[in-house]
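Beneath this line is the structure, given in structure tokens, with notes to follow.
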There are 2 protein chains.
Amino acid sequence: MTDKKSSLSDVRERIDTIDQQIQQLISERAGWAQEVARVKGEGLSAIDYYRPEREAHVLRMVVDRNHGPLSDAEMVRLFREIMSSCLAQEDPLKVGFLGPEGTFSEQAVRKHFGHAAYGLPLGSIEEVFQEVAAGHADFGVVPVENSGQGMIQVTLDMFLTSDATICGEVELRVHQCLHSMSGKLEDIKRVYAHAQSLQQCKTWLRINLPGVECIGVSSNAEAARLARHADDAGAIAGETAGRVYGLKTVAQAIEDRADNTTRFLVIGRSLFPPSGNDRTSLLITVNDKPGALYDVLSPFAKHGLSLNRIESRPAHSGKWQYAFFIDVSGHVHDAPMQAAMQEMGSAAAQVRVLGSYPVALP
Amino acid sequence: MTDKKSSLSDVRERIDTIDQQIQQLISERAGWAQEVARVKGEGLSAIDYYRPEREAHVLRMVVDRNHGPLSDAEMVRLFREIMSSCLAQEDPLKVGFLGPEGTFSEQAVRKHFGHAAYGLPLGSIEEVFQEVAAGHADFGVVPVENSGQGMIQVTLDMFLTSDATICGEVELRVHQCLHSMSGKLEDIKRVYAHAQSLQQCKTWLRINLPGVECIGVSSNAEAARLARHADDAGAIAGETAGRVYGLKTVAQAIEDRADNTTRFLVIGRSLFPPSGNDRTSLLITVNDKPGALYDVLSPFAKHGLSLNRIESRPAHSGKWQYAFFIDVSGHVHDAPMQAAMQEMGSAAAQVRVLGSYPVALP
């Protein structure tokens with residue numbers, strides 16, 4: 001016991017010394033952040049210093065250097081917060097999102113901007129675009145894609161009529177698991193979950209639990225709580241939630257799309273320089289004639305630029321025209337992208353660069 | 001321009017070097033946190049290593065050492081997150097609170113436990129107590145006092161029937177300001193705000209804006225948005241919110257109680273050792289006879305212990321008895337407190353130590 005105690009106090013002393021050094025370095029870092037502000041000019045707000053390409057670069061270095069014991073995600077989170085605090089020494093960044101607070105959209109805001117930014121919960125995706133355009137918000141965060149359910153049309157449509165520039169992307173990953181008291185599949189006679197989770201896992205449920213009753217409840221946390229009080233009930237919830245509620249995991253990653261990710265876009269008012277690993281979103285309008293889309297896309301392939309996404313929408317601008325949302329690897333300032341866009345030439349009726357931005361960190 | 005550029009890249013290089021050192025130190029700290037786990041025994045969860053008195057001590061040292069440029073609150077926040085990450089290397093702490101997510105209660109959870117803890121949104125304050133008692137949550141966070149509206153009775157009553165131990169307190173401070181487009185009091189003909197904020201500022205409004213129409217809306221953010229579109233409207237909202245919405249501040253700290261704080265208690269299942277600056281909450285039942293309360297309280301004064309709060313409740317345990325909730329400076333393990341409690345002796349029908357815990361950090 002005395003041995004344990006003395007070694008515990010030794011460890012704490014070491015931690016105290018480390019904390020002192022960390023604090024000194026964070027203060028020094030905050031001082032240099034002020035120096036960046038000074039170099040850029042007096043009297044500016046956070047939006048004037050914020051450089052997403054620089055942040056992405058810093059965080060990629062953090063991941064490269066990381067050898068544990070903290071996970072990459074956790075270490076990145078801490079550095080996000082440190083940068084967030086350093087930046088917020090002037091007026092904090094104002095970031096609009098689809099409210100209310102506590103939603104998935106706010107999680108995306110915090111993952112990308114940290115907790116020192118000022119979150120503005122807004123009433124609709126349209127309002128997020130409006131507040132950014134009007135300058136009341138520096139940036140906005142809007143959901144654009146759910147891997148289970150595809151592109152979010154209202155967000156895409158906003159780009160047809162607004163001048164917003166895409167400045168970043170954020171991905172939130174959620175794995176669904178099936179939990180129960182016994183942890184045995186054969187005991188389960190009914191499954192509780194939020195309606196959306198039931199929807200996301202319906203193929204797995206049909207194959208593995210045919211004929212079992214599926215009951216929609218207000219949240220997956222509620223589902224886990226209900227399953228705790230019944231031997232014959234299962235609950236769909238995240239891994240941690242199941243463990244927290246004292247349930248055993250019956251099956252992991254049961255969502256129909258194994259990669260259950262919601263993707264958000266960060267929208268702003270200007271294009272930022274390359275970060276070294278970027279993606280470009282283009283809005284291309286083509287006339288409805290045979291081969292038009294092919295002619296538009298082939299230059300990208302020729303210059304070794306991979307297409308990550310393509311989604312067509314009826315354009316609002318004219319009859320018989322179609323708009324395509326295209327995500328391409330690379331930055332518009334890169335030479336291959338410039339060449340490809342030039343070669344595309346008259347094949348497209350209109351090309352708009354929606355933004356070039358750092359690829360989302362894991 | 002070249003000069004600016006080169007000095008900017010110099011500064012960034014310095015920041016990169018600092019980041020590298022910070023990261024190495026955080027990793028080292030996380031390694032030592034694992035060592036603490038090893039010393040305490042294998043196979044334990046975060047609850048087995050979590051020591052609120054140690055955390056409070058570490059954070060007080062952080063405040064003492066801090067000479068800016070970051071504020072004390074911001075530096076404390078960063079260290080909370082670092083400790084939160086280090087602790088969550090094993091199973092994260094599970095903390096129940098009055099849901100849904102995004103409420104003031106969740107803010108209190110995050111302020112106290114950081115973002116690596118697992119928050120459990122629950123349906124009622126009673127449920128928070130139940131989940132902690134049952135061991136499904138390691139800790140719970142419940143509101144106990146709003147400086148404008150006094151003690152929260154449902155929380156106090158839970159202590160009459162539950163065995164919960166108070167392990168900490170958290171304070172969230174909110175200042176209300178009046179904002180408008182012109183920033184001039186005489187222009188204001190109506191005031192928008194959330195009903196609760198109107199209530200909290202009613203004396204100020206009656207004196208300074210007599211006869212002006214007060215309109216309750218869904219949130220103070222909404223109020224600020226409405227005021228932006230009208231020359232004759234004011235909005236009550238926090239300082240940042242007003243600035244964010246481009247309004248001018250007419251008056252600051254207009255709430256009737258200048259110190260508009262919500263206080264939360266952290267409840268758990270065990271008493272922790274002294275942190276050096278602690279508070280003790282006692283539940284004392286006295287028989288309804290003249291001088292009973294005086295006899296109970298005088299030993300505290302005698303031993304130099306200040307009473308921070310006192311609140312009476314009808315006890316559930318017997319006719320003609322009253323229960324008093326008393327907050328006293330100091331820890332039950334301290335000699336003066338032990339002496340006072342001994343001297344109180346038979347003056348009290350019953351004394352229960354609800355908890356001794358570190359005084360809230362600013």
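Each chain in the structure tokens gets a letter, A, B, ..., in the order shown, and its residues are numbered from 1; ligands are numbered from 1 in order too.
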Taking a cut-off of 7 Å and counting only C-alpha atoms, can you build a table that, for each residue of chain B near chain A, reports the nearest atom pair and how far apart they are in Å (one decimal), sorted by chain then residue number, as a tab-separated table?
```
residue	atom	partner	partner_atom	distance
B:Lys4	CA	A:Val39	CA	6.4
B:Leu8	CA	A:Val36	CA	6.4
B:Val11	CA	A:Trp32	CA	6.5
B:Ile15	CA	A:Arg29	CA	6.0
B:Ile18	CA	A:Leu25	CA	6.3
B:Ile22	CA	A:Ile22	CA	5.7
B:Leu25	CA	A:Ile18	CA	6.3
B:Ser27	CA	A:Pro69	CA	6.3
B:Arg29	CA	A:Ile15	CA	6.0
B:Ala30	CA	A:Pro69	CA	6.4
B:Gly31	CA	A:Pro69	CA	6.3
B:Trp32	CA	A:Val11	CA	6.5
B:Val36	CA	A:Leu8	CA	6.4
B:Val39	CA	A:Lys4	CA	6.3
B:Gly68	CA	A:Ser27	CA	6.4
B:Pro69	CA	A:Gly31	CA	6.3
B:Leu70	CA	A:Ser27	CA	6.7
B:Glu74	CA	A:Ser85	CA	6.7
B:Leu78	CA	A:Ile82	CA	6.8
B:Glu81	CA	A:Leu78	CA	6.9
B:Ile82	CA	A:Leu78	CA	6.8
B:Ser85	CA	A:Glu74	CA	6.7
B:Lys94	CA	A:Val244	CA	6.9
B:Glu101	CA	A:Gly102	CA	4.7
B:Gly102	CA	A:Gly102	CA	3.9
B:His136	CA	A:Tyr245	CA	6.1
B:Val244	CA	A:His136	CA	6.7
B:Tyr245	CA	A:His136	CA	6.2
```
How would the residues just picked look written out with N, CA, C and O atoms as a compact mmCIF listing (two decimals), in the first residue's frame?
```txt
# COMPACT_ATOMS: atom_id res chain seq x y z
N LYS B 4 5.95 40.61 -45.13
CA LYS B 4 4.83 40.07 -44.37
C LYS B 4 4.78 38.56 -44.51
O LYS B 4 4.62 37.83 -43.56
N LEU B 8 5.31 35.80 -41.69
CA LEU B 8 4.20 34.89 -41.41
C LEU B 8 4.67 33.44 -41.43
O LEU B 8 4.31 32.64 -40.56
N VAL B 11 6.60 32.67 -38.29
CA VAL B 11 5.72 32.46 -37.15
C VAL B 11 5.11 31.06 -37.22
O VAL B 11 5.06 30.33 -36.23
N ILE B 15 5.25 27.97 -34.58
CA ILE B 15 4.04 27.31 -34.07
C ILE B 15 4.14 25.79 -34.30
O ILE B 15 3.80 24.99 -33.43
N ILE B 18 6.33 24.31 -31.69
CA ILE B 18 5.61 24.28 -30.41
C ILE B 18 4.60 23.13 -30.41
O ILE B 18 4.50 22.38 -29.44
N ILE B 22 4.10 20.18 -27.78
CA ILE B 22 2.85 19.97 -27.04
C ILE B 22 2.37 18.54 -27.23
O ILE B 22 2.01 17.85 -26.28
N LEU B 25 4.33 16.01 -25.29
CA LEU B 25 4.02 16.09 -23.86
C LEU B 25 2.64 15.49 -23.55
O LEU B 25 2.47 14.81 -22.54
N SER B 27 1.17 13.15 -25.22
CA SER B 27 1.31 11.69 -25.34
C SER B 27 1.97 11.11 -24.09
O SER B 27 1.57 10.06 -23.58
N ARG B 29 1.93 12.45 -21.15
CA ARG B 29 0.95 12.56 -20.07
C ARG B 29 -0.05 11.41 -20.12
O ARG B 29 -0.40 10.82 -19.10
N ALA B 30 -0.51 11.08 -21.33
CA ALA B 30 -1.46 9.98 -21.50
C ALA B 30 -0.81 8.66 -21.06
O ALA B 30 -1.46 7.80 -20.48
N GLY B 31 0.51 8.54 -21.35
CA GLY B 31 1.24 7.35 -20.92
C GLY B 31 1.28 7.24 -19.40
O GLY B 31 1.06 6.18 -18.82
N TRP B 32 1.54 8.36 -18.74
CA TRP B 32 1.57 8.36 -17.28
C TRP B 32 0.19 8.09 -16.69
O TRP B 32 0.07 7.47 -15.63
N VAL B 36 -0.89 5.36 -13.92
CA VAL B 36 -1.76 5.49 -12.74
C VAL B 36 -2.73 4.32 -12.71
O VAL B 36 -2.95 3.67 -11.68
N VAL B 39 -0.95 1.20 -11.61
CA VAL B 39 -0.69 1.20 -10.17
C VAL B 39 -1.96 0.84 -9.40
O VAL B 39 -1.90 0.10 -8.42
N GLY B 68 -1.73 34.50 -19.19
CA GLY B 68 -2.22 34.88 -20.50
C GLY B 68 -1.30 34.42 -21.61
O GLY B 68 -0.32 33.71 -21.34
N PRO B 69 -1.54 34.77 -22.88
CA PRO B 69 -2.67 35.61 -23.30
C PRO B 69 -4.04 34.94 -23.20
O PRO B 69 -5.03 35.65 -23.20
N LEU B 70 -4.11 33.62 -23.10
CA LEU B 70 -5.44 33.00 -22.99
C LEU B 70 -6.03 33.30 -21.61
O LEU B 70 -5.31 33.40 -20.62
N GLU B 74 -10.41 29.79 -20.49
CA GLU B 74 -10.05 29.08 -21.71
C GLU B 74 -8.93 28.07 -21.44
O GLU B 74 -8.95 26.94 -21.94
N LEU B 78 -9.04 23.90 -21.78
CA LEU B 78 -8.12 23.05 -22.53
C LEU B 78 -7.57 21.93 -21.64
O LEU B 78 -7.48 20.78 -22.06
N GLU B 81 -10.06 19.22 -21.11
CA GLU B 81 -10.16 18.33 -22.27
C GLU B 81 -8.97 17.36 -22.32
O GLU B 81 -9.14 16.19 -22.64
N ILE B 82 -7.79 17.85 -21.98
CA ILE B 82 -6.62 16.97 -21.98
C ILE B 82 -6.81 15.87 -20.93
O ILE B 82 -6.60 14.69 -21.19
N SER B 85 -9.45 13.36 -22.08
CA SER B 85 -8.92 12.41 -23.06
C SER B 85 -8.04 11.35 -22.41
O SER B 85 -8.11 10.18 -22.74
N LYS B 94 -19.24 7.71 -17.51
CA LYS B 94 -20.62 7.84 -17.95
C LYS B 94 -21.33 8.84 -17.05
O LYS B 94 -21.40 8.62 -15.85
N GLU B 101 -29.96 16.62 -25.31
CA GLU B 101 -28.64 17.19 -25.51
C GLU B 101 -28.76 18.67 -25.89
O GLU B 101 -29.78 19.10 -26.40
N GLY B 102 -27.71 19.41 -25.62
CA GLY B 102 -27.70 20.82 -26.01
C GLY B 102 -28.28 21.74 -24.96
O GLY B 102 -28.32 22.94 -25.14
N HIS B 136 -25.60 2.55 -13.42
CA HIS B 136 -25.61 2.65 -14.87
C HIS B 136 -24.90 3.93 -15.32
O HIS B 136 -24.42 4.02 -16.44
N VAL B 244 -22.80 39.10 -32.31
CA VAL B 244 -22.89 38.20 -33.44
C VAL B 244 -23.99 38.64 -34.40
O VAL B 244 -23.85 38.54 -35.62
N TYR B 245 -25.08 39.14 -33.87
CA TYR B 245 -26.19 39.55 -34.72
C TYR B 245 -26.08 41.01 -35.17
O TYR B 245 -27.00 41.58 -35.72
```
At most 12 Å is the cut-off: for each residue in region 150-210 of chain B with any atom that close to an atom of region 270-287 of chain B, write down the nearest atom pair and the distance in Å rounded to one decimal, counting only C-alpha atoms, chain first then increasing number, as a Markdown table.
```
| residue | atom | partner | partner_atom | distance |
| --- | --- | --- | --- | --- |
| B:Leu156 | CA | B:Leu283 | CA | 9.7 |
| B:Asp157 | CA | B:Leu283 | CA | 10.8 |
| B:Met158 | CA | B:Leu283 | CA | 11.7 |
| B:Phe159 | CA | B:Leu283 | CA | 8.3 |
| B:Leu160 | CA | B:Leu283 | CA | 8.1 |
| B:Thr161 | CA | B:Leu283 | CA | 11.3 |
| B:Ser162 | CA | B:Leu283 | CA | 11.9 |
| B:Asp163 | CA | B:Ser270 | CA | 9.7 |
| B:Ala164 | CA | B:Ser270 | CA | 8.1 |
| B:Thr165 | CA | B:Ser270 | CA | 5.9 |
| B:Ile166 | CA | B:Leu271 | CA | 7.6 |
| B:Cys167 | CA | B:Leu271 | CA | 6.7 |
| B:Gly168 | CA | B:Arg279 | CA | 8.9 |
| B:Glu169 | CA | B:Arg279 | CA | 9.2 |
```
Using C-alpha atoms, can you export the residues from the last selection as a PDB file, in the first residue's frame?
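Saved file out_11.pdb follows:
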```
ATOM      1  CA  LEU B 156     -33.242  18.959  -2.904  1.00  0.00           C
ATOM      2  CA  ASP B 157     -36.135  16.558  -2.309  1.00  0.00           C
ATOM      3  CA  MET B 158     -34.280  13.760  -4.089  1.00  0.00           C
ATOM      4  CA  PHE B 159     -31.594  13.939  -1.400  1.00  0.00           C
ATOM      5  CA  LEU B 160     -34.235  13.240   1.259  1.00  0.00           C
ATOM      6  CA  THR B 161     -34.905   9.801  -0.190  1.00  0.00           C
ATOM      7  CA  SER B 162     -31.738   8.841  -2.090  1.00  0.00           C
ATOM      8  CA  ASP B 163     -28.238   7.865  -0.985  1.00  0.00           C
ATOM      9  CA  ALA B 164     -26.496  10.009  -3.581  1.00  0.00           C
ATOM     10  CA  THR B 165     -23.204  11.628  -2.592  1.00  0.00           C
ATOM     11  CA  ILE B 166     -22.301  15.091  -3.856  1.00  0.00           C
ATOM     12  CA  CYS B 167     -18.897  14.921  -5.560  1.00  0.00           C
ATOM     13  CA  GLY B 168     -18.647  18.345  -7.124  1.00  0.00           C
ATOM     14  CA  GLU B 169     -20.342  21.567  -8.135  1.00  0.00           C
TER      15      GLU B 169
END
```
Do a neighbour search on Cys214 (chain B) at 12 Å with only C-alpha atoms, toss out local chain neighbours closer than 4 positions, and write the hits as a PyMOL selection string. chain B and resi 188-199+201-202+205-206+209-210+223+233-236
Work out how far apart CA of Leu178 (chain A) and CA of Ala251 (chain A) are and give it in Å to one decimal. 5.2 Å
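Of all the residues in region 175-260 of chain B, the ones DSSP labels as strand (DSSP E) from the backbone are Cys177, Leu178, His179, Ser180, Arg190, Val191, Tyr192, Ala193, His194, Glu213, Cys214, Ile215, Gly216, Val217, Ala233, Gly234, Ala235, Ile236, Ala237, Lys248, Thr249, Val250 and Ala251 of chain B.
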Compare B:Thr261, B:Ser105, B:Lys302, B:Ala349 by their minimum atom-to-atom distance to Lys289 (chain B), counting only C-alpha atoms, and give me the closest one.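 With only C-alpha atoms as the atom set, the closest residue is B:Ala349.
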